[in-house]
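Q: Quick one: this structure, given as structure tokens, is what I'll be asking you about.
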Amino acid sequence: MPKYLLLKHYRGGPEPHHPFPPMDQWAPEDVEAHMAFQRQVIEMLEENGEYVGAEALTPTRTWVRYGGPGAAPVTTDGPLPETSDLVAGWFMIDVDSYERALEIAAYASSEPGPRGEPLYEWIDVREIMSGPPSDG
Amino acid sequence: MVDEPAGRGDGGPADRAPDVALGGFGRDLIPRVLASLVRRGEDFDAAEDALQEALLEALRVWPEHPPRDPRAWLAAVATRRLVDARRSDAARYRREEAMHAEPRPVVVEEADDTLLVLFRCCHPDLAPASQVALTLRAVGGLTTREIADAFYVPEATMAQRISRAKRTLRGRRLDRPGDLAVVLRVLYLVYTAGHTGPPTRIDLADEAIRLARQLILATDEPEARGLLALMLLNHARLPARFDAEGRIVTLDRQDRSRWNTGRIAEGVRILQSALAEQRAERPPGRHQIEAAIAALHDDAASAAETDWPQILSWYDELVALTADPVREDPAAVLGRAVAVGHVLGAAAGLRETDRLRQVIGDRHRWHAVRGHLHELDGDLLAAADAYADAARRATDVAERDHLVRQAARARATHRER
């Protein structure tokens with residue numbers, strides 16, 4: 001069974017399908033519905049035996065690279081300072097097929113936003129390369 | 001984002017097989033057996049490895065064949081492991097041998113032994129993560145796998161962390177008294193790890209309480225009792241800290257009937273016995289003070305009945321422990337700011353937090369406290385902004401979600417006005 005990494009981003013992907021305000025400006029009941037949906041996606045994946053892991057990331061980001069011999073590491077907020085490539089979190093899933101991975105990603109993207117409208121959030125679907133296990 | 005944390009610490013998860021296998025008392029034997037092996041001349045590093053193997057064997061064998069004398073069993077099996085290792089004999093001893101292990105006489109200096117092993121594991125030369133891992137294994141009697149699970153790292157990573165820690169300590173004597181303050185800090189780290197992140201099969205807060213119980217048998221130091229009291233008094237509220245959906249419920253909104261009154265009574269009793277020993281030249285330390293504050297919260301029948309003036313006076317003592325509390329103990333100053341807000345008014349509380357802006361102004365808790373104080377002040381828009389700022393900086397999913405909800409709720413209430 002192939003494994004896929006579904007990357008969620010802060011705000012849309014290439015272009016937000018439709019823009020939405022930050023969550024702290026939503027109606028409280030919309031916030032609740034959104035969070036309940038996130039829990040429900042994980043429960044569904046667990047029940048199907050497709051869940052491997054899920055984590056959220058804080059929005060603070062630092063890019064770092066080797067600074068050269070004897071020099072301090074170079075850090076920056078990012079070579080691409082837009083927020084569109086900022087990863088917010090991921091699901092790791094173990095599924096029967098590529099098609100199933102797309103289906104799950106599309107479902108995750110239907111998460112409710114303000115007034116219960118789907119967010120149409122872009123999800124970056126990446127297959128995990130197989131190889132020798134790193135840890136028994 | 002994972003399982004709901006509701007009911008954490010509420011008697012612990014159901015599948016705690018190791019404790020059942022060890023009859024609930026076996027783990028407390030681990031540091032004593034370890035110390036007796038070392039006192040007999042065995043190397044700490046090798047003895048600890050051998051004992052871990054004996055423990056794994058016990059988990060396998062004891063459920064069906066409970067030993068007459070668990071301590072002698074563990075010592076005998078660990079000894080056999082050490083002999084096997086010395087012979088470089090890879091052959092595993094047979095299970096029957098393990099089952100009929102002969103008891104050996106052991107030296108009885110139990111309390112001191114636990115303390116010496118604790119000092120060893122909490123050696124100041126070790127990094128905090130290593131101190132915690134080694135303490136959980138050599139004193140707590142947890143398996144490497146259980147510790148790895150509790151901290152979400154692969155078992156091989158945790159095994160490596162533990163063996164590196166033991167290598168660092170190689171050649172050092174076990175009989176030296178260590179730094180009790182470091183031991184207390186390590187136990188508190190274990191405890192707080194049990195209060196953040198999703199629940200695991202091993203309840204670290206329970207483990208920390210168990211370790212602290214062992215510690216107070218080994219030392220009369222009031223601060224050790226203060227630490228145990230603090231853990232019990234905070235842990236008592238855990239059943240009410242999350243709702244059925246795993247959402248955080250703040251202290252002022254908790255269903256106080258769900259608090260564990262047994263833990264509160266025990267915590268208060270232990271705290272009183274510690275405070276009774278205070279003298280002019282030895283005022284209560286940090287853990288006793290924090291326990292006293294926790295006890296005052298636990299003692300209030302409702303949020304409105306909280307004795308804030310008395311809490312504030314304990315915070316005054318807490319910040320007086322350091323010469324420059326803003327820099328050395330900003331958490332105490334922040335806690336005091338909340339108490340100031342409730343006693344002298346929200347504006348006064350906010351002024352107190354201003355002093356901390358340079359030091360912890362980038363931390364989520366600073367913004368969350370500001371949100372609370374703005375709300376107390378009736379300024380819901382400022383409260384919503386502060387909660388949103390806090391949410392962006394939070395590093396715990398449950399806490400982040402809670403802060404987003406607080407922001408949305410404050411904004412919505414503001415719009416309705």
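As shown in the structure tokens, the chain order sets the letters A, B, ...; within each chain, residues go from 1, and ligands are also counted from 1 in the order they appear.
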With a distance cut-off of 6 Å and only C-alpha atoms, select the neighbouring residues of segment 86-93 of chain A, excluding the residue or stretch itself and same-chain residues fewer than 5 positions from it, and output the selection as an MDAnalysis selection string.

A: chainID A and resid 3:10 50:57

Q: With only C-alpha atoms considered, list every residue of chain A at most 9 Å from chain B, as number ranges by chain.

A: A: 23-28, 31-32, 35-36, 38-39, 42-43, 53-60, 135-136

Q: Take the residues that were just selected and, keeping C-alpha atoms, output them as a JSON list (two decimals), in the first residue's frame.

A:
[["chain", "number", "residue", "atom", "x", "y", "z"],
["A", 23, "MET", "CA", -10.27, 32.04, 11.84],
["A", 24, "ASP", "CA", -10.40, 34.27, 14.91],
["A", 25, "GLN", "CA", -12.73, 36.53, 12.88],
["A", 26, "TRP", "CA", -15.24, 33.76, 12.10],
["A", 27, "ALA", "CA", -18.49, 33.26, 13.99],
["A", 28, "PRO", "CA", -17.86, 31.00, 17.02],
["A", 31, "VAL", "CA", -14.98, 27.81, 14.32],
["A", 32, "GLU", "CA", -16.52, 24.87, 16.21],
["A", 35, "MET", "CA", -12.51, 22.05, 14.35],
["A", 36, "ALA", "CA", -15.06, 19.24, 14.63],
["A", 38, "GLN", "CA", -10.70, 18.16, 11.53],
["A", 39, "ARG", "CA", -11.29, 15.67, 14.33],
["A", 42, "ILE", "CA", -8.80, 11.74, 11.60],
["A", 43, "GLU", "CA", -11.46, 9.50, 13.14],
["A", 53, "GLY", "CA", -0.11, 10.35, 11.47],
["A", 54, "ALA", "CA", -1.19, 13.98, 11.54],
["A", 55, "GLU", "CA", 0.52, 17.02, 12.98],
["A", 56, "ALA", "CA", -0.08, 20.74, 13.00],
["A", 57, "LEU", "CA", 2.80, 23.20, 12.66],
["A", 58, "THR", "CA", 3.12, 26.62, 14.23],
["A", 59, "PRO", "CA", 3.13, 29.47, 11.70],
["A", 60, "THR", "CA", 6.53, 30.78, 12.79],
["A", 135, "ASP", "CA", 13.39, 1.93, 12.73],
["A", 136, "GLY", "CA", 12.10, -1.49, 13.72]]

Q: To one decimal place in Å, what is the distance between atom CA of Asp354 of chain B and atom CA of Thr62 of chain A?

A: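 Interatomic distance, atom CA of Asp354 of chain B to atom CA of Thr62 of chain A: 27.4 Å.
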
Q: Write out as a ChimeraX atom specification all residues of segment 197-290 of chain B that DSSP puts in helix (DSSP H, G or I) for this structure's backbone.

A: /B:204-218,222-235,238-241,251-253,256-258,261-275,286-290

Q: Could you give me, as a VMD selection string, the residues within 12 Å of Gln160 of chain B, counting only C-alpha atoms and dropping anything in the same chain fewer than 3 positions from it?

A: chain B and resid 130 133 to 134 144 to 145 148 153 to 157 163 to 167

Q: As an exercise, work out the distance from atom CA of Pro31 of chain B to atom CA of Leu115 of chain B in Å and give it to one decimal place.

A: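 Distance reported for this atom pair: 8.6 Å.
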
Q: Can you tell me how far atom CA of Pro124 of chain B sits from atom CA of Ile270 of chain B, in Å to one decimal?

A: 27.8 Å

Q: For the structure I just gave you, how does DSSP split segment 194-367 of chain B - specifically, which residues are strand (DSSP E or B)? Reply as JSON, numbers by chain.

A: {"B": [242, 248, 279, 282]}

Q: Could you take the residues named above and write them with C-alpha atoms, as a PDB file, in the first residue's frame?

A:
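The resulting again.pdb:
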ATOM      1  CA  PHE B 242     -11.172  18.975  29.062  1.00  0.00           C
ATOM      2  CA  ILE B 248      -9.837  22.928  27.058  1.00  0.00           C
ATOM      3  CA  ARG B 279      11.109  29.085  60.279  1.00  0.00           C
ATOM      4  CA  ARG B 282      13.942  28.974  56.187  1.00  0.00           C
TER       5      ARG B 282
END

Q: Which polymer residues have any atom within 10 Å of an atom of Arg137 of chain B, counting only C-alpha atoms, with same-chain residues fewer than 5 positions away left out, as a PyMOL selection string?

A: chain B and resi 27+30-31+48-49+51-52+121+132+142-144+146-147+162

Q: What does the file look like for those residues with C-alpha atoms, as a compact mmCIF listing (two decimals), in the first residue's frame?

A:
# COMPACT_ATOMS: atom_id res chain seq x y z
CA ARG B 27 8.18 -0.60 39.76
CA ILE B 30 13.61 -0.93 40.54
CA PRO B 31 15.87 1.76 42.07
CA GLU B 48 20.86 -0.79 34.73
CA ASP B 49 20.82 -2.61 31.40
CA LEU B 51 17.72 -4.75 35.30
CA GLN B 52 15.84 -3.42 32.28
CA CYS B 121 19.90 10.05 37.02
CA VAL B 132 14.04 12.69 32.38
CA LEU B 142 9.39 2.09 32.70
CA THR B 143 10.59 0.23 29.63
CA THR B 144 12.44 2.08 26.88
CA GLU B 146 7.06 3.11 27.09
CA ILE B 147 9.29 6.15 27.52
CA ILE B 162 19.59 6.65 27.57

Q: Restricting the calculation to only C-alpha atoms, which member of B:Ala193, B:Ala276, B:Val77, B:Leu215 is positioned closest to Phe119 of chain B?

A: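 For Phe119 of chain B, the nearest of the candidates is B:Leu215.
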
Q: Leaving out Leu334 of chain B and any residue of its chain fewer than 4 positions from it, which residues lie within 12 Å of it when counting only C-alpha atoms, given as JSON, numbers by chain?

A: {"B": [312, 315, 316, 318, 319, 325, 326, 327, 329, 330, 338, 339, 340, 341, 349, 350, 351, 352, 353, 354, 355, 356, 357, 359, 360, 361, 363, 364, 365, 366, 367, 368, 369, 370, 372, 373]}

Q: Skip segment 286-302 of chain B itself and residues of its chain fewer than 6 positions away, then list as a PyMOL selection string all residues within 10 Å of it, counting only C-alpha atoms.

A: chain B and resi 184-185+188+222-234+236-237+251-257+259-261+264-265+267-268+270-272+274-275+308+310-319+321+332

Q: Any chance you could export the current selection's C-alpha atoms as a short mmCIF file (atom, residue, chain, number, x, y, z; two decimals), in the first residue's frame?

A:
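After the write, out.cif holds the following:
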data_model
loop_
_atom_site.label_atom_id
_atom_site.label_comp_id
_atom_site.auth_asym_id
_atom_site.auth_seq_id
_atom_site.Cartn_x
_atom_site.Cartn_y
_atom_site.Cartn_z
CA LEU B 184 12.79 18.31 41.90
CA ARG B 185 13.08 20.11 38.59
CA TYR B 188 8.35 18.54 37.62
CA PRO B 222 9.96 20.39 52.82
CA GLU B 223 10.35 21.43 49.17
CA ALA B 224 10.09 17.78 48.11
CA ARG B 225 6.75 17.58 49.91
CA GLY B 226 5.83 20.94 48.38
CA LEU B 227 6.42 19.50 44.92
CA LEU B 228 4.30 16.41 45.60
CA ALA B 229 1.53 18.62 47.02
CA LEU B 230 1.69 20.91 43.98
CA MET B 231 1.36 17.95 41.60
CA LEU B 232 -1.56 16.44 43.54
CA LEU B 233 -3.40 19.77 43.83
CA ASN B 234 -3.07 20.52 40.10
CA ALA B 236 -6.92 16.95 41.03
CA ARG B 237 -8.43 19.36 38.50
CA LEU B 251 -10.46 27.13 35.55
CA ASP B 252 -13.28 29.68 35.86
CA ARG B 253 -15.63 27.51 33.78
CA GLN B 254 -14.75 24.06 35.13
CA ASP B 255 -17.32 21.74 36.66
CA ARG B 256 -15.82 21.67 40.14
CA SER B 257 -17.75 18.55 41.09
CA TRP B 259 -12.33 17.62 40.73
CA ASN B 260 -10.68 14.76 42.59
CA THR B 261 -11.37 15.57 46.25
CA ILE B 264 -6.98 17.68 47.02
CA ALA B 265 -7.24 16.46 50.62
CA GLY B 267 -2.22 17.54 48.69
CA VAL B 268 -3.41 19.95 51.39
CA ILE B 270 1.17 17.16 52.66
CA LEU B 271 1.50 20.91 52.05
CA GLN B 272 0.54 21.68 55.66
CA ALA B 274 5.78 21.00 54.84
CA LEU B 275 4.71 24.53 55.78
CA TRP B 308 -7.68 36.36 45.19
CA GLN B 310 -4.62 35.60 49.60
CA ILE B 311 -3.43 34.25 46.22
CA LEU B 312 -1.85 37.64 45.54
CA SER B 313 0.01 37.58 48.85
CA TRP B 314 1.46 34.14 47.97
CA TYR B 315 2.52 35.52 44.56
CA ASP B 316 4.23 38.37 46.41
CA GLU B 317 6.27 35.74 48.26
CA LEU B 318 6.98 33.90 45.01
CA VAL B 319 8.38 36.93 43.20
CA LEU B 321 12.40 34.60 45.89
CA ALA B 332 5.73 34.18 38.49
#

Q: May I ask which of the residues B:Glu399, B:Asp307, B:Asp28, B:Glu375 is the closest one to Leu55 of chain B, counting only C-alpha atoms?

A: B:Asp28

Q: Using only C-alpha atoms, which residues sit within 8 Å of Phe20 of chain A once same-chain residues fewer than 6 positions away are excluded, as a PyMOL selection string?

A: chain A and resi 113-114+119
